[in-house]
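Trainee: This is coords_32.pdb (PDB, C-alpha atoms, pLDDT in the B column).
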ATOM      1  CA  MET A   1      -3.465  47.376-102.837  1.00 90.00           C
ATOM      2  CA  ILE A   2      -0.284  49.187-101.806  1.00 95.00           C
ATOM      3  CA  PRO A   3       0.190  51.523 -98.807  1.00 95.00           C
ATOM      4  CA  ILE A   4       2.090  54.735 -99.453  1.00 97.00           C
ATOM      5  CA  LEU A   5       3.133  56.063 -96.052  1.00 97.00           C
ATOM      6  CA  MET A   6       3.055  59.808 -95.430  1.00 97.00           C
ATOM      7  CA  TYR A   7       5.466  61.241 -92.868  1.00 97.00           C
ATOM      8  CA  HIS A   8       6.511  64.810 -92.139  1.00 96.00           C
ATOM      9  CA  GLN A   9       9.081  65.063 -89.336  1.00 96.00           C
ATOM     10  CA  ILE A  10      11.031  62.304 -87.579  1.00 97.00           C
ATOM     11  CA  GLY A  11      12.202  63.748 -84.284  1.00 94.00           C
ATOM     12  CA  GLN A  12      11.288  64.749 -80.757  1.00 87.00           C
ATOM     13  CA  PRO A  13       7.695  66.065 -80.638  1.00 79.00           C
ATOM     14  CA  SER A  14       7.148  69.641 -79.514  1.00 74.00           C
ATOM     15  CA  ALA A  15       5.381  70.536 -76.259  1.00 71.00           C
ATOM     16  CA  ARG A  16       1.897  69.226 -75.534  1.00 76.00           C
ATOM     17  CA  GLY A  17      -0.792  71.427 -76.980  1.00 71.00           C
ATOM     18  CA  THR A  18       1.373  72.585 -79.892  1.00 75.00           C
ATOM     19  CA  PRO A  19      -0.555  72.634 -83.178  1.00 66.00           C
ATOM     20  CA  TYR A  20       0.207  69.708 -85.495  1.00 71.00           C
ATOM     21  CA  ARG A  21       2.383  68.070 -82.849  1.00 74.00           C
ATOM     22  CA  GLY A  22       1.151  64.731 -84.141  1.00 75.00           C
ATOM     23  CA  LEU A  23       2.986  65.159 -87.443  1.00 84.00           C
ATOM     24  CA  THR A  24       6.335  64.564 -85.710  1.00 91.00           C
ATOM     25  CA  VAL A  25       6.983  60.838 -85.322  1.00 95.00           C
ATOM     26  CA  HIS A  26       9.521  59.767 -82.689  1.00 94.00           C
ATOM     27  CA  PRO A  27      12.713  58.248 -84.201  1.00 96.00           C
ATOM     28  CA  GLY A  28      12.240  55.083 -82.125  1.00 96.00           C
ATOM     29  CA  SER A  29       8.717  54.658 -83.466  1.00 95.00           C
ATOM     30  CA  PHE A  30       9.907  55.131 -87.037  1.00 97.00           C
ATOM     31  CA  ARG A  31      12.624  52.511 -86.592  1.00 97.00           C
ATOM     32  CA  ARG A  32      10.142  50.022 -85.121  1.00 95.00           C
ATOM     33  CA  GLN A  33       7.683  50.623 -87.953  1.00 95.00           C
ATOM     34  CA  MET A  34      10.282  50.079 -90.645  1.00 97.00           C
ATOM     35  CA  THR A  35      11.797  47.082 -88.868  1.00 96.00           C
ATOM     36  CA  TRP A  36       8.436  45.357 -88.560  1.00 94.00           C
ATOM     37  CA  MET A  37       7.661  45.873 -92.230  1.00 94.00           C
ATOM     38  CA  ARG A  38      11.028  44.327 -93.063  1.00 95.00           C
ATOM     39  CA  ARG A  39      10.394  41.380 -90.740  1.00 94.00           C
ATOM     40  CA  LEU A  40       7.072  40.783 -92.472  1.00 93.00           C
ATOM     41  CA  GLY A  41       8.843  40.555 -95.809  1.00 93.00           C
ATOM     42  CA  TYR A  42       7.970  43.985 -97.201  1.00 95.00           C
ATOM     43  CA  GLN A  43      10.314  46.223 -99.176  1.00 97.00           C
ATOM     44  CA  GLY A  44      10.051  49.971 -98.641  1.00 97.00           C
ATOM     45  CA  LEU A  45      10.285  51.930-101.892  1.00 98.00           C
ATOM     46  CA  SER A  46      10.428  55.484-103.186  1.00 98.00           C
ATOM     47  CA  MET A  47       7.689  56.647-105.520  1.00 98.00           C
ATOM     48  CA  ARG A  48      10.043  56.226-108.467  1.00 97.00           C
ATOM     49  CA  ASP A  49      10.711  52.613-107.494  1.00 98.00           C
ATOM     50  CA  LEU A  50       7.089  51.946-106.551  1.00 98.00           C
ATOM     51  CA  LEU A  51       5.574  53.086-109.836  1.00 97.00           C
ATOM     52  CA  PRO A  52       5.977  49.756-111.718  1.00 96.00           C
ATOM     53  CA  TYR A  53       4.093  48.008-108.894  1.00 96.00           C
ATOM     54  CA  LEU A  54       1.317  50.604-108.985  1.00 95.00           C
ATOM     55  CA  ARG A  55       0.998  50.122-112.732  1.00 92.00           C
ATOM     56  CA  GLY A  56       0.929  46.335-112.385  1.00 90.00           C
ATOM     57  CA  SER A  57       4.095  45.611-114.365  1.00 92.00           C
ATOM     58  CA  LYS A  58       5.801  44.285-111.201  1.00 93.00           C
ATOM     59  CA  ARG A  59       4.461  42.280-108.291  1.00 93.00           C
ATOM     60  CA  GLY A  60       5.749  41.877-104.758  1.00 92.00           C
ATOM     61  CA  LYS A  61       5.336  42.786-101.099  1.00 93.00           C
ATOM     62  CA  VAL A  62       6.112  46.486-101.275  1.00 96.00           C
ATOM     63  CA  PHE A  63       5.051  49.775 -99.708  1.00 96.00           C
ATOM     64  CA  GLY A  64       5.865  53.392-100.424  1.00 97.00           C
ATOM     65  CA  ILE A  65       7.656  55.742 -98.035  1.00 98.00           C
ATOM     66  CA  THR A  66       7.247  59.505 -98.447  1.00 98.00           C
ATOM     67  CA  PHE A  67       8.253  62.556 -96.405  1.00 98.00           C
ATOM     68  CA  ASP A  68       6.789  66.014 -96.959  1.00 97.00           C
ATOM     69  CA  ASP A  69       8.770  69.282 -96.827  1.00 96.00           C
ATOM     70  CA  GLY A  70      12.422  68.162 -96.507  1.00 97.00           C
ATOM     71  CA  TYR A  71      13.115  68.489 -92.782  1.00 97.00           C
ATOM     72  CA  VAL A  72      16.654  68.132 -91.436  1.00 98.00           C
ATOM     73  CA  ASN A  73      15.467  65.697 -88.757  1.00 97.00           C
ATOM     74  CA  VAL A  74      14.399  63.279 -91.510  1.00 98.00           C
ATOM     75  CA  LEU A  75      17.945  63.273 -92.866  1.00 98.00           C
ATOM     76  CA  GLU A  76      19.342  62.764 -89.374  1.00 98.00           C
ATOM     77  CA  ASN A  77      16.884  60.213 -88.014  1.00 98.00           C
ATOM     78  CA  ALA A  78      15.261  58.439 -90.955  1.00 98.00           C
ATOM     79  CA  LEU A  79      18.077  58.083 -93.488  1.00 98.00           C
ATOM     80  CA  PRO A  80      20.253  55.819 -91.289  1.00 98.00           C
ATOM     81  CA  VAL A  81      17.306  53.461 -90.754  1.00 98.00           C
ATOM     82  CA  LEU A  82      16.412  53.402 -94.435  1.00 98.00           C
ATOM     83  CA  LYS A  83      20.009  52.657 -95.450  1.00 98.00           C
ATOM     84  CA  GLU A  84      20.344  49.967 -92.805  1.00 97.00           C
ATOM     85  CA  LEU A  85      17.221  48.174 -94.034  1.00 98.00           C
ATOM     86  CA  GLY A  86      17.887  48.714 -97.733  1.00 97.00           C
ATOM     87  CA  PHE A  87      14.750  50.818 -98.234  1.00 98.00           C
ATOM     88  CA  THR A  88      14.305  53.740-100.593  1.00 98.00           C
ATOM     89  CA  SER A  89      11.948  56.673-100.044  1.00 98.00           C
ATOM     90  CA  THR A  90      10.869  59.999-101.493  1.00 98.00           C
ATOM     91  CA  ASN A  91      11.298  63.364 -99.809  1.00 98.00           C
ATOM     92  CA  TYR A  92       9.282  66.220-101.311  1.00 98.00           C
ATOM     93  CA  PHE A  93      11.389  69.399-101.205  1.00 98.00           C
ATOM     94  CA  VAL A  94      10.158  72.992-101.351  1.00 98.00           C
ATOM     95  CA  ALA A  95      12.525  74.342-104.002  1.00 98.00           C
ATOM     96  CA  ASN A  96      12.817  77.948-102.764  1.00 97.00           C
ATOM     97  CA  ARG A  97      13.172  77.064 -99.080  1.00 96.00           C
ATOM     98  CA  PHE A  98      16.467  75.156 -98.799  1.00 97.00           C
ATOM     99  CA  GLY A  99      18.128  76.014 -95.491  1.00 96.00           C
ATOM    100  CA  GLY A 100      14.983  77.719 -94.224  1.00 95.00           C
ATOM    101  CA  SER A 101      12.099  76.521 -92.100  1.00 94.00           C
ATOM    102  CA  ASN A 102       8.412  75.685 -92.349  1.00 89.00           C
ATOM    103  CA  GLU A 103       7.325  79.327 -92.596  1.00 90.00           C
ATOM    104  CA  TRP A 104       3.972  78.328 -94.109  1.00 90.00           C
ATOM    105  CA  ASP A 105       2.966  76.888 -90.714  1.00 85.00           C
ATOM    106  CA  ARG A 106       3.810  80.012 -88.675  1.00 85.00           C
ATOM    107  CA  GLU A 107       0.338  81.560 -88.687  1.00 83.00           C
ATOM    108  CA  ASN A 108      -1.057  78.309 -87.267  1.00 82.00           C
ATOM    109  CA  GLY A 109       1.279  78.462 -84.278  1.00 78.00           C
ATOM    110  CA  VAL A 110       3.506  75.597 -85.389  1.00 83.00           C
ATOM    111  CA  PRO A 111       7.104  75.893 -84.104  1.00 85.00           C
ATOM    112  CA  ALA A 112       9.799  76.466 -86.716  1.00 86.00           C
ATOM    113  CA  SER A 113      11.714  73.383 -87.775  1.00 91.00           C
ATOM    114  CA  ALA A 114      14.803  73.422 -89.965  1.00 96.00           C
ATOM    115  CA  LEU A 115      14.642  72.356 -93.598  1.00 97.00           C
ATOM    116  CA  MET A 116      17.596  70.735 -95.341  1.00 98.00           C
ATOM    117  CA  SER A 117      20.181  72.912 -97.024  1.00 98.00           C
ATOM    118  CA  GLN A 118      21.098  72.211-100.621  1.00 98.00           C
ATOM    119  CA  GLU A 119      24.121  70.186 -99.516  1.00 98.00           C
ATOM    120  CA  GLN A 120      22.019  68.185 -97.058  1.00 98.00           C
ATOM    121  CA  ALA A 121      19.481  67.485 -99.805  1.00 98.00           C
ATOM    122  CA  ARG A 122      22.312  66.277-102.016  1.00 98.00           C
ATOM    123  CA  ALA A 123      23.390  63.979 -99.159  1.00 97.00           C
ATOM    124  CA  TRP A 124      19.845  62.621 -99.114  1.00 98.00           C
ATOM    125  CA  VAL A 125      20.082  61.755-102.803  1.00 98.00           C
ATOM    126  CA  ARG A 126      23.594  60.334-102.425  1.00 97.00           C
ATOM    127  CA  GLY A 127      22.155  58.113 -99.690  1.00 97.00           C
ATOM    128  CA  GLY A 128      20.067  56.323-102.323  1.00 97.00           C
ATOM    129  CA  GLN A 129      16.845  58.243-101.726  1.00 98.00           C
ATOM    130  CA  GLU A 130      14.600  60.133-104.146  1.00 98.00           C
ATOM    131  CA  ALA A 131      13.973  63.882-104.256  1.00 98.00           C
ATOM    132  CA  GLY A 132      10.482  64.961-105.291  1.00 98.00           C
ATOM    133  CA  SER A 133       8.885  68.388-105.646  1.00 98.00           C
ATOM    134  CA  HIS A 134       6.535  70.164-103.241  1.00 98.00           C
ATOM    135  CA  THR A 135       6.356  73.354-105.381  1.00 98.00           C
ATOM    136  CA  LEU A 136       8.547  76.448-105.142  1.00 98.00           C
ATOM    137  CA  ASP A 137       7.023  77.928-101.991  1.00 96.00           C
ATOM    138  CA  HIS A 138       4.617  75.414-100.420  1.00 96.00           C
ATOM    139  CA  VAL A 139       1.626  77.301-101.815  1.00 96.00           C
ATOM    140  CA  ASN A 140      -2.032  76.318-101.929  1.00 95.00           C
ATOM    141  CA  LEU A 141      -2.183  75.641-105.660  1.00 97.00           C
ATOM    142  CA  PRO A 142      -5.982  75.972-106.162  1.00 97.00           C
ATOM    143  CA  ASP A 143      -5.748  79.584-104.932  1.00 96.00           C
ATOM    144  CA  LEU A 144      -3.389  80.581-107.749  1.00 97.00           C
ATOM    145  CA  SER A 145      -4.041  81.522-111.344  1.00 97.00           C
ATOM    146  CA  PRO A 146      -3.412  78.663-113.794  1.00 97.00           C
ATOM    147  CA  GLU A 147      -0.259  80.423-114.985  1.00 98.00           C
ATOM    148  CA  ASP A 148       1.169  80.853-111.478  1.00 98.00           C
ATOM    149  CA  ALA A 149       0.215  77.325-110.464  1.00 98.00           C
ATOM    150  CA  PHE A 150       1.974  75.845-113.469  1.00 98.00           C
ATOM    151  CA  GLU A 151       5.052  77.952-112.722  1.00 98.00           C
ATOM    152  CA  GLN A 152       5.144  76.586-109.155  1.00 98.00           C
ATOM    153  CA  ILE A 153       4.900  73.053-110.509  1.00 98.00           C
ATOM    154  CA  ARG A 154       7.220  73.299-113.506  1.00 98.00           C
ATOM    155  CA  ARG A 155       9.881  75.642-112.169  1.00 98.00           C
ATOM    156  CA  SER A 156      10.312  73.713-108.916  1.00 98.00           C
ATOM    157  CA  ARG A 157      11.239  70.616-110.922  1.00 98.00           C
ATOM    158  CA  THR A 158      13.831  72.543-112.935  1.00 98.00           C
ATOM    159  CA  ILE A 159      15.428  74.069-109.821  1.00 98.00           C
ATOM    160  CA  LEU A 160      15.565  70.780-107.941  1.00 98.00           C
ATOM    161  CA  GLU A 161      17.141  68.950-110.859  1.00 98.00           C
ATOM    162  CA  ASP A 162      19.786  71.671-111.199  1.00 97.00           C
ATOM    163  CA  VAL A 163      20.544  71.814-107.470  1.00 97.00           C
ATOM    164  CA  LEU A 164      20.550  68.085-106.816  1.00 96.00           C
ATOM    165  CA  ASP A 165      21.856  66.843-110.181  1.00 95.00           C
ATOM    166  CA  SER A 166      19.110  64.225-110.068  1.00 95.00           C
ATOM    167  CA  GLU A 167      16.015  63.630-112.159  1.00 96.00           C
ATOM    168  CA  VAL A 168      12.832  64.758-110.396  1.00 98.00           C
ATOM    169  CA  THR A 169       9.721  62.861-111.474  1.00 98.00           C
ATOM    170  CA  SER A 170       7.569  62.757-108.319  1.00 98.00           C
ATOM    171  CA  PHE A 171       5.296  65.535-107.073  1.00 98.00           C
ATOM    172  CA  CYS A 172       3.229  66.181-103.955  1.00 98.00           C
ATOM    173  CA  TYR A 173       0.398  68.729-103.684  1.00 98.00           C
ATOM    174  CA  PRO A 174       0.928  71.073-100.702  1.00 96.00           C
ATOM    175  CA  TYR A 175      -1.832  70.606 -98.115  1.00 93.00           C
ATOM    176  CA  GLY A 176      -3.155  67.845-100.381  1.00 89.00           C
ATOM    177  CA  HIS A 177      -5.252  70.398-102.267  1.00 94.00           C
ATOM    178  CA  GLU A 178      -5.592  69.558-105.938  1.00 96.00           C
ATOM    179  CA  THR A 179      -7.955  69.481-108.914  1.00 96.00           C
ATOM    180  CA  GLN A 180      -8.098  67.669-112.213  1.00 97.00           C
ATOM    181  CA  ALA A 181      -6.639  70.734-113.907  1.00 97.00           C
ATOM    182  CA  LEU A 182      -3.688  70.667-111.491  1.00 98.00           C
ATOM    183  CA  ARG A 183      -3.183  66.954-112.104  1.00 98.00           C
ATOM    184  CA  ASP A 184      -2.977  67.724-115.811  1.00 98.00           C
ATOM    185  CA  MET A 185      -0.404  70.445-115.128  1.00 98.00           C
ATOM    186  CA  VAL A 186       1.753  68.036-113.128  1.00 98.00           C
ATOM    187  CA  ARG A 187       1.677  65.559-115.986  1.00 98.00           C
ATOM    188  CA  ASP A 188       2.444  68.274-118.545  1.00 98.00           C
ATOM    189  CA  ALA A 189       5.402  69.477-116.439  1.00 98.00           C
ATOM    190  CA  GLY A 190       7.091  66.109-116.922  1.00 97.00           C
ATOM    191  CA  TYR A 191       6.343  64.300-113.664  1.00 98.00           C
ATOM    192  CA  THR A 192       5.332  60.633-113.674  1.00 98.00           C
ATOM    193  CA  ASN A 193       3.304  60.579-110.423  1.00 98.00           C
ATOM    194  CA  ALA A 194       1.830  62.760-107.692  1.00 98.00           C
ATOM    195  CA  THR A 195       0.567  62.113-104.176  1.00 98.00           C
ATOM    196  CA  THR A 196      -2.237  63.690-102.168  1.00 96.00           C
ATOM    197  CA  THR A 197      -3.257  63.592 -98.506  1.00 93.00           C
ATOM    198  CA  SER A 198      -6.394  61.563 -99.262  1.00 92.00           C
ATOM    199  CA  GLY A 199      -6.441  58.477 -97.068  1.00 89.00           C
ATOM    200  CA  GLY A 200      -6.347  54.996 -98.511  1.00 89.00           C
ATOM    201  CA  LEU A 201      -4.293  52.307-100.161  1.00 93.00           C
ATOM    202  CA  ALA A 202      -3.178  52.808-103.754  1.00 93.00           C
ATOM    203  CA  GLY A 203      -3.942  50.468-106.603  1.00 89.00           C
ATOM    204  CA  ARG A 204      -3.850  50.064-110.360  1.00 88.00           C
ATOM    205  CA  LEU A 205      -7.186  51.828-110.800  1.00 89.00           C
ATOM    206  CA  ASP A 206      -5.928  55.005-109.146  1.00 93.00           C
ATOM    207  CA  ASP A 207      -4.816  57.981-111.191  1.00 96.00           C
ATOM    208  CA  VAL A 208      -1.026  58.089-110.754  1.00 97.00           C
ATOM    209  CA  PHE A 209      -1.328  61.891-110.505  1.00 97.00           C
ATOM    210  CA  GLY A 210      -3.704  61.674-107.537  1.00 97.00           C
ATOM    211  CA  LEU A 211      -2.417  58.845-105.374  1.00 97.00           C
ATOM    212  CA  PRO A 212      -3.771  58.410-101.815  1.00 95.00           C
ATOM    213  CA  ARG A 213      -1.487  57.892 -98.831  1.00 95.00           C
ATOM    214  CA  VAL A 214      -1.591  56.492 -95.317  1.00 93.00           C
ATOM    215  CA  THR A 215      -0.881  59.135 -92.667  1.00 93.00           C
ATOM    216  CA  VAL A 216       1.531  58.052 -89.935  1.00 94.00           C
ATOM    217  CA  ALA A 217       1.233  60.267 -86.866  1.00 90.00           C
ATOM    218  CA  ARG A 218       3.035  60.438 -83.521  1.00 89.00           C
ATOM    219  CA  SER A 219       0.109  58.654 -81.877  1.00 87.00           C
ATOM    220  CA  THR A 220      -0.059  55.815 -84.416  1.00 88.00           C
ATOM    221  CA  HIS A 221       0.737  52.805 -82.221  1.00 89.00           C
ATOM    222  CA  MET A 222       2.244  49.693 -83.772  1.00 91.00           C
ATOM    223  CA  LEU A 223      -0.959  47.665 -84.034  1.00 90.00           C
ATOM    224  CA  ARG A 224      -2.731  50.553 -85.738  1.00 90.00           C
ATOM    225  CA  PHE A 225       0.260  51.096 -88.019  1.00 91.00           C
ATOM    226  CA  LEU A 226       0.191  47.491 -89.184  1.00 90.00           C
ATOM    227  CA  GLN A 227      -3.570  47.623 -89.532  1.00 88.00           C
ATOM    228  CA  LYS A 228      -3.269  50.665 -91.783  1.00 86.00           C
ATOM    229  CA  CYS A 229      -0.587  49.062 -93.927  1.00 87.00           C
ATOM    230  CA  LEU A 230      -1.713  45.469 -94.175  1.00 82.00           C
ATOM    231  CA  THR A 231      -5.518  45.585 -94.285  1.00 68.00           C
ATOM    232  CA  ARG A 232      -8.055  47.314 -96.470  1.00 54.00           C
ATOM    233  CA  LEU A 233      -9.545  49.270 -93.600  1.00 44.00           C
ATOM    234  CA  GLU A 234      -8.137  52.534 -94.968  1.00 43.00           C
ATOM    235  CA  GLU A 235      -9.435  51.716 -98.426  1.00 45.00           C
ATOM    236  CA  LYS A 236     -12.914  51.106 -97.047  1.00 41.00           C
ATOM    237  CA  ARG A 237     -12.802  54.444 -95.215  1.00 44.00           C
ATOM    238  CA  ARG A 238     -11.741  56.194 -98.381  1.00 47.00           C
ATOM    239  CA  HIS A 239     -14.850  55.034-100.228  1.00 41.00           C
ATOM    240  CA  ALA A 240     -17.251  55.389 -97.304  1.00 38.00           C
TER     241      ALA A 240
END
Translate the structure described by the file into structure tokens.

Mentor:
Amino acid sequence: MIPILMYHQIGQPSARGTPYRGLTVHPGSFRRQMTWMRRLGYQGLSMRDLLPYLRGSKRGKVFGITFDDGYVNVLENALPVLKELGFTSTNYFVANRFGGSNEWDRENGVPASALMSQEQARAWVRGGQEAGSHTLDHVNLPDLSPEDAFEQIRRSRTILEDVLDSEVTSFCYPYGHETQALRDMVRDAGYTNATTTSGGLAGRLDDVFGLPRVTVARSTHMLRFLQKCLTRLEEKRRHA
């Protein structure tokens, strides 16, 4: 079984009591987490690089690293660590929101946080990392008509490939909300894999268009982090 880590922001957490404060992991915590995985002999990989291991055509001590939304603080605080350790990762960009902020969180009282500009996203790719899609507008796909949902999925890939001059083959469902019909759309749009927010370790029996991930939060202390990554506790919870 392979852990696919799910991060959002890597930066200074907002004030206590702020909604979703836990989704911002301190840069020092991120560095310690990555360093420990390296010390234990694990290689951090993007979804593109991880896919052969998920399919069983490669074997090794590997784990996936993913970031949702494309925040500037991930470029600033995570990329140097990843490059230093020789890890790759996937950042899921919202294709119509380059240079903007997480507007979809506003109604929940979440503070605005800057998203990468197009040039910053290109720097991410030049830094050896993968760009994936998180739709055009960070929409809740099950709420849309099939036609509009497919447009969000397909068109976002086209825009990202044009902007970043890089093939985009990985997808992430906003809010983790998905259905079998949406999985089929992602496949038909030319992606090779897609991740959800369902908890658990990924394996060869999992649908590559509905892969579970391990959430890493601000409060995830090191022992719990290693427990999530290196044991089957999360897998047991997933099937409970």

Trainee: Which residue gives the smallest distance to Gly28 of chain A among A:Met222, A:Ala181, A:Trp124, A:Ser46, with only C-alpha atoms counted?

Mentor: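 Under the stated criterion, the closest residue is A:Met222.
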
Trainee: With the file shown as input, list the residues that the PyMOL selection byres ((chain A and resi 196) around 9) selects, as a VMD selection string.

Mentor: chain A and resid 172 to 178 194 to 195 197 to 199 209 to 213

Trainee: Report as a PyMOL selection string all protein, DNA and RNA residues lying within 12 Å of Ile65 of chain A, evaluated on only C-alpha atoms, omitting residues in the same chain fewer than 4 positions from it.

Mentor: chain A and resi 2-8+30+33-34+37+42-50+78-79+82+87-92+129-130+195+213-216+229

Trainee: Quick one: apply the PyMOL selection byres ((chain A and resi 13-24) around 8) to the file and drop the selected residues here as a tab-separated table (two decimals) with C-alpha atoms, keeping the file's coordinate frame.

Mentor:
chain	number	residue	atom	x	y	z
A	7	TYR	CA	5.47	61.24	-92.87
A	8	HIS	CA	6.51	64.81	-92.14
A	9	GLN	CA	9.08	65.06	-89.34
A	10	ILE	CA	11.03	62.30	-87.58
A	11	GLY	CA	12.20	63.75	-84.28
A	12	GLN	CA	11.29	64.75	-80.76
A	25	VAL	CA	6.98	60.84	-85.32
A	26	HIS	CA	9.52	59.77	-82.69
A	108	ASN	CA	-1.06	78.31	-87.27
A	109	GLY	CA	1.28	78.46	-84.28
A	110	VAL	CA	3.51	75.60	-85.39
A	111	PRO	CA	7.10	75.89	-84.10
A	216	VAL	CA	1.53	58.05	-89.94
A	217	ALA	CA	1.23	60.27	-86.87
A	218	ARG	CA	3.04	60.44	-83.52
A	219	SER	CA	0.11	58.65	-81.88

Trainee: Grab the atom CA of Asp105 of chain A to atom CA of Leu136 of chain A distance for me, in Å with one decimal place.

Mentor: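 Going from atom CA of Asp105 of chain A over to atom CA of Leu136 of chain A covers 15.5 Å.
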
Trainee: Applied to this file, what does the PyMOL selection byres ((chain A and resi 94) around 10) return in terms of residues, put as an NGL selection string?

Mentor: :A and (68-70 or 91-93 or 95-98 or 100 or 102 or 115-116 or 132-139 or 152 or 156-157 or 160 or 174)

Trainee: Would you please work out which residue, of A:Glu107, A:Asp162, A:Glu167, A:Asp143, is nearest to Thr179 of chain A when using all atoms listed in the file?

Mentor: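 Among the listed residues, the smallest separation from Thr179 of chain A belongs to A:Asp143.
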
Trainee: Could you jot down the atom CA of Gly127 of chain A to atom CA of His221 of chain A separation for me, Å, one decimal place?

Mentor: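 Result for atom CA of Gly127 of chain A versus atom CA of His221 of chain A: 28.1 Å, one decimal.
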
Trainee: Given the choices A:Arg204, A:Gly86, A:Trp36, A:Leu75, which gets closest to Lys58 of chain A if the distance is worked out from only C-alpha atoms?

Mentor: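 Counting only C-alpha atoms, the residue closest to Lys58 of chain A is A:Arg204.
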
Trainee: What gap, in Å, lies between atom CA of Glu151 of chain A and atom CA of Phe67 of chain A?

Mentor: 22.7 Å

Trainee: With 5 Å added on each side, what axis-aligned box encloses every listed atom of segment 166-170 of chain A? Give the centre and edge lengths in Å to one decimal, as AutoDock Vina command-line options.

Mentor:
--center_x 13.3 --center_y 63.8 --center_z -110.2 --size_x 21.5 --size_y 12.0 --size_z 13.8

Trainee: Return the single residue from A:Arg183, A:Gln120, A:Met1, A:Tyr191 that is closest to Lys61 of chain A, with distances computed using all atoms listed in the file.

Mentor: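 Selected residue with least distance to Lys61 of chain A: A:Met1.
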
Trainee: Using only C-alpha atoms, determine which residues lie at most 9 Å from Met185 of chain A, disregarding the query and same-chain residues fewer than 2 positions distant; provide the list as a PyMOL selection string.

Mentor: chain A and resi 146+149-150+153-154+180-183+187-190
